[in-house]
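This is start09.pdb (PDB, C-alpha atoms, pLDDT in the B column).
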```
MODEL        1
ATOM      1  CA  MET S   1      31.409  40.962 -21.057  1.00 75.00           C
ATOM      2  CA  PRO S   2      31.065  41.533 -17.297  1.00 81.00           C
ATOM      3  CA  ILE S   3      28.655  44.110 -15.935  1.00 86.00           C
ATOM      4  CA  MET S   4      30.531  46.955 -14.300  1.00 91.00           C
ATOM      5  CA  PRO S   5      29.749  47.931 -10.685  1.00 94.00           C
ATOM      6  CA  GLY S   6      27.300  50.827 -10.358  1.00 96.00           C
ATOM      7  CA  THR S   7      23.659  51.652 -11.043  1.00 97.00           C
ATOM      8  CA  HIS S   8      22.207  50.510 -14.367  1.00 95.00           C
ATOM      9  CA  LYS S   9      18.754  51.630 -15.587  1.00 96.00           C
ATOM     10  CA  LEU S  10      16.790  49.049 -17.588  1.00 95.00           C
ATOM     11  CA  GLY S  11      13.674  49.308 -19.730  1.00 96.00           C
ATOM     12  CA  PRO S  12      12.096  48.338 -23.054  1.00 96.00           C
ATOM     13  CA  GLU S  13      14.460  50.622 -24.974  1.00 95.00           C
ATOM     14  CA  LYS S  14      17.432  48.474 -23.864  1.00 89.00           C
ATOM     15  CA  ALA S  15      15.970  44.993 -23.289  1.00 92.00           C
ATOM     16  CA  SER S  16      12.831  42.868 -23.411  1.00 94.00           C
ATOM     17  CA  LEU S  17      10.816  41.446 -20.517  1.00 96.00           C
ATOM     18  CA  ARG S  18       9.070  38.134 -21.176  1.00 96.00           C
ATOM     19  CA  ILE S  19       7.007  35.886 -18.942  1.00 94.00           C
ATOM     20  CA  GLU S  20       6.965  32.201 -19.881  1.00 94.00           C
ATOM     21  CA  THR S  21       4.335  29.897 -18.400  1.00 89.00           C
ATOM     22  CA  LYS S  22       4.436  26.108 -18.481  1.00 86.00           C
ATOM     23  CA  ARG S  23       1.777  23.548 -17.634  1.00 83.00           C
ATOM     24  CA  THR S  24       2.563  20.804 -15.124  1.00 81.00           C
ATOM     25  CA  GLY S  25       0.705  18.085 -13.291  1.00 78.00           C
ATOM     26  CA  ALA S  26      -2.962  17.576 -14.142  1.00 76.00           C
ATOM     27  CA  ALA S  27      -3.026  20.847 -16.135  1.00 67.00           C
ATOM     28  CA  ALA S  28      -0.350  19.572 -18.559  1.00 76.00           C
ATOM     29  CA  LYS S  29      -3.015  17.977 -20.761  1.00 79.00           C
ATOM     30  CA  ALA S  30      -5.138  21.125 -21.075  1.00 80.00           C
ATOM     31  CA  GLY S  31      -4.511  24.758 -21.836  1.00 77.00           C
ATOM     32  CA  HIS S  32      -1.468  26.334 -23.431  1.00 83.00           C
ATOM     33  CA  ASP S  33       2.084  27.261 -22.549  1.00 86.00           C
ATOM     34  CA  LEU S  34       2.277  31.051 -22.866  1.00 91.00           C
ATOM     35  CA  LEU S  35       4.951  33.577 -23.784  1.00 95.00           C
ATOM     36  CA  ILE S  36       3.851  37.035 -22.626  1.00 96.00           C
ATOM     37  CA  GLN S  37       5.696  40.194 -23.723  1.00 97.00           C
ATOM     38  CA  VAL S  38       5.606  43.109 -21.263  1.00 97.00           C
ATOM     39  CA  LYS S  39       5.794  46.330 -23.273  1.00 97.00           C
ATOM     40  CA  SER S  40       5.919  48.897 -20.433  1.00 98.00           C
ATOM     41  CA  TRP S  41       8.401  48.192 -17.641  1.00 98.00           C
ATOM     42  CA  HIS S  42      11.419  49.643 -15.832  1.00 97.00           C
ATOM     43  CA  GLY S  43      14.200  48.294 -13.682  1.00 96.00           C
ATOM     44  CA  THR S  44      17.274  49.294 -11.721  1.00 97.00           C
ATOM     45  CA  LEU S  45      20.240  46.971 -11.366  1.00 95.00           C
ATOM     46  CA  GLU S  46      22.640  47.857  -8.544  1.00 96.00           C
ATOM     47  CA  VAL S  47      25.924  45.994  -9.089  1.00 96.00           C
ATOM     48  CA  ALA S  48      28.173  46.050  -6.013  1.00 95.00           C
ATOM     49  CA  GLN S  49      31.891  45.265  -5.859  1.00 91.00           C
ATOM     50  CA  ASP S  50      30.818  42.281  -3.718  1.00 90.00           C
ATOM     51  CA  LEU S  51      28.340  40.666  -6.156  1.00 86.00           C
ATOM     52  CA  GLY S  52      26.463  39.110  -3.213  1.00 90.00           C
ATOM     53  CA  GLN S  53      25.354  42.624  -2.284  1.00 94.00           C
ATOM     54  CA  SER S  54      23.925  43.403  -5.745  1.00 96.00           C
ATOM     55  CA  SER S  55      20.179  43.893  -6.275  1.00 97.00           C
ATOM     56  CA  LEU S  56      17.564  44.219  -9.003  1.00 96.00           C
ATOM     57  CA  THR S  57      14.327  46.217  -8.685  1.00 97.00           C
ATOM     58  CA  LEU S  58      11.671  45.721 -11.364  1.00 96.00           C
ATOM     59  CA  GLY S  59       8.293  47.333 -12.046  1.00 97.00           C
ATOM     60  CA  ALA S  60       5.875  46.452 -14.845  1.00 97.00           C
ATOM     61  CA  ASP S  61       2.525  47.729 -16.148  1.00 97.00           C
ATOM     62  CA  SER S  62       0.283  44.652 -16.236  1.00 95.00           C
ATOM     63  CA  GLY S  63      -1.926  46.387 -18.806  1.00 97.00           C
ATOM     64  CA  SER S  64       0.941  46.310 -21.311  1.00 97.00           C
ATOM     65  CA  MET S  65       1.176  42.524 -21.459  1.00 95.00           C
ATOM     66  CA  GLU S  66       0.625  40.920 -24.873  1.00 94.00           C
TER
ENDMDL
END
```

Would you mind writing the file out in structure tokens?
Amino acid sequence: MPIMPGTHKLGPEKASLRIETKRTGAAAKAGHDLLIQVKSWHGTLEVAQDLGQSSLTLGADSGSME
């Protein structure tokens, strides 16, 4: 389903925000790959008729990461 042009508000009530980390290079043998859930965040998606003019603004509370 295509996203219709206009302003779309995003947040945890409509979607999830995850941060995935991967290890590469020398660090690949140590540490852990992580999947971090951000519980408190908000975003605004501006979809233009010309998709090249569309934009996404995102803000997140780093204290809400689990």

Step by step: start from the point (1.0, 46.8, -21.5) in the file's coordinates, keep every protein, DNA or RNA residue that has an atom no farther than 7 Å from it, count only C-alpha atoms, and write the set as JSON, numbers by chain.
{"S": [38, 39, 40, 61, 62, 63, 64, 65, 66]}

Name every residue that the PyMOL selection byres ((chain S and resi 42-46) around 6) selects in this structure, writing the answer as a PyMOL selection string with chains first and numbers rising.
chain S and resi 6-11+41+47+54-59

Where is the centre and how long are the edges: axis-aligned box on range 45-55 of chain S, 6 Å on each side, Å to one decimal, as JSON:
```
{"center_x": 26.0, "center_y": 43.5, "center_z": -6.8, "size_x": 23.7, "size_y": 20.7, "size_z": 21.1}
```

One number please: CA of Ile19 in chain S to CA of Ile36 in chain S, in Å, one decimal.
5.0 Å

Counting all atoms listed in the file, the residue of S:Ala60, S:Arg18, S:Arg23, S:Gln49 that sits nearest Leu35 in chain S:
S:Arg18

What do you get, as a ChimeraX atom specification, if you spell out every residue that the PyMOL selection byres ((chain S and resi 32) around 8) selects here?
/S:22-23,30-31,33-34

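Counting from CA of Ala48 in chain S, the distance to CA of Pro2 in chain S is 12.5 Å.
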
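The space separating CA of Leu51 in chain S from CA of Glu20 in chain S comes to 26.8 Å.
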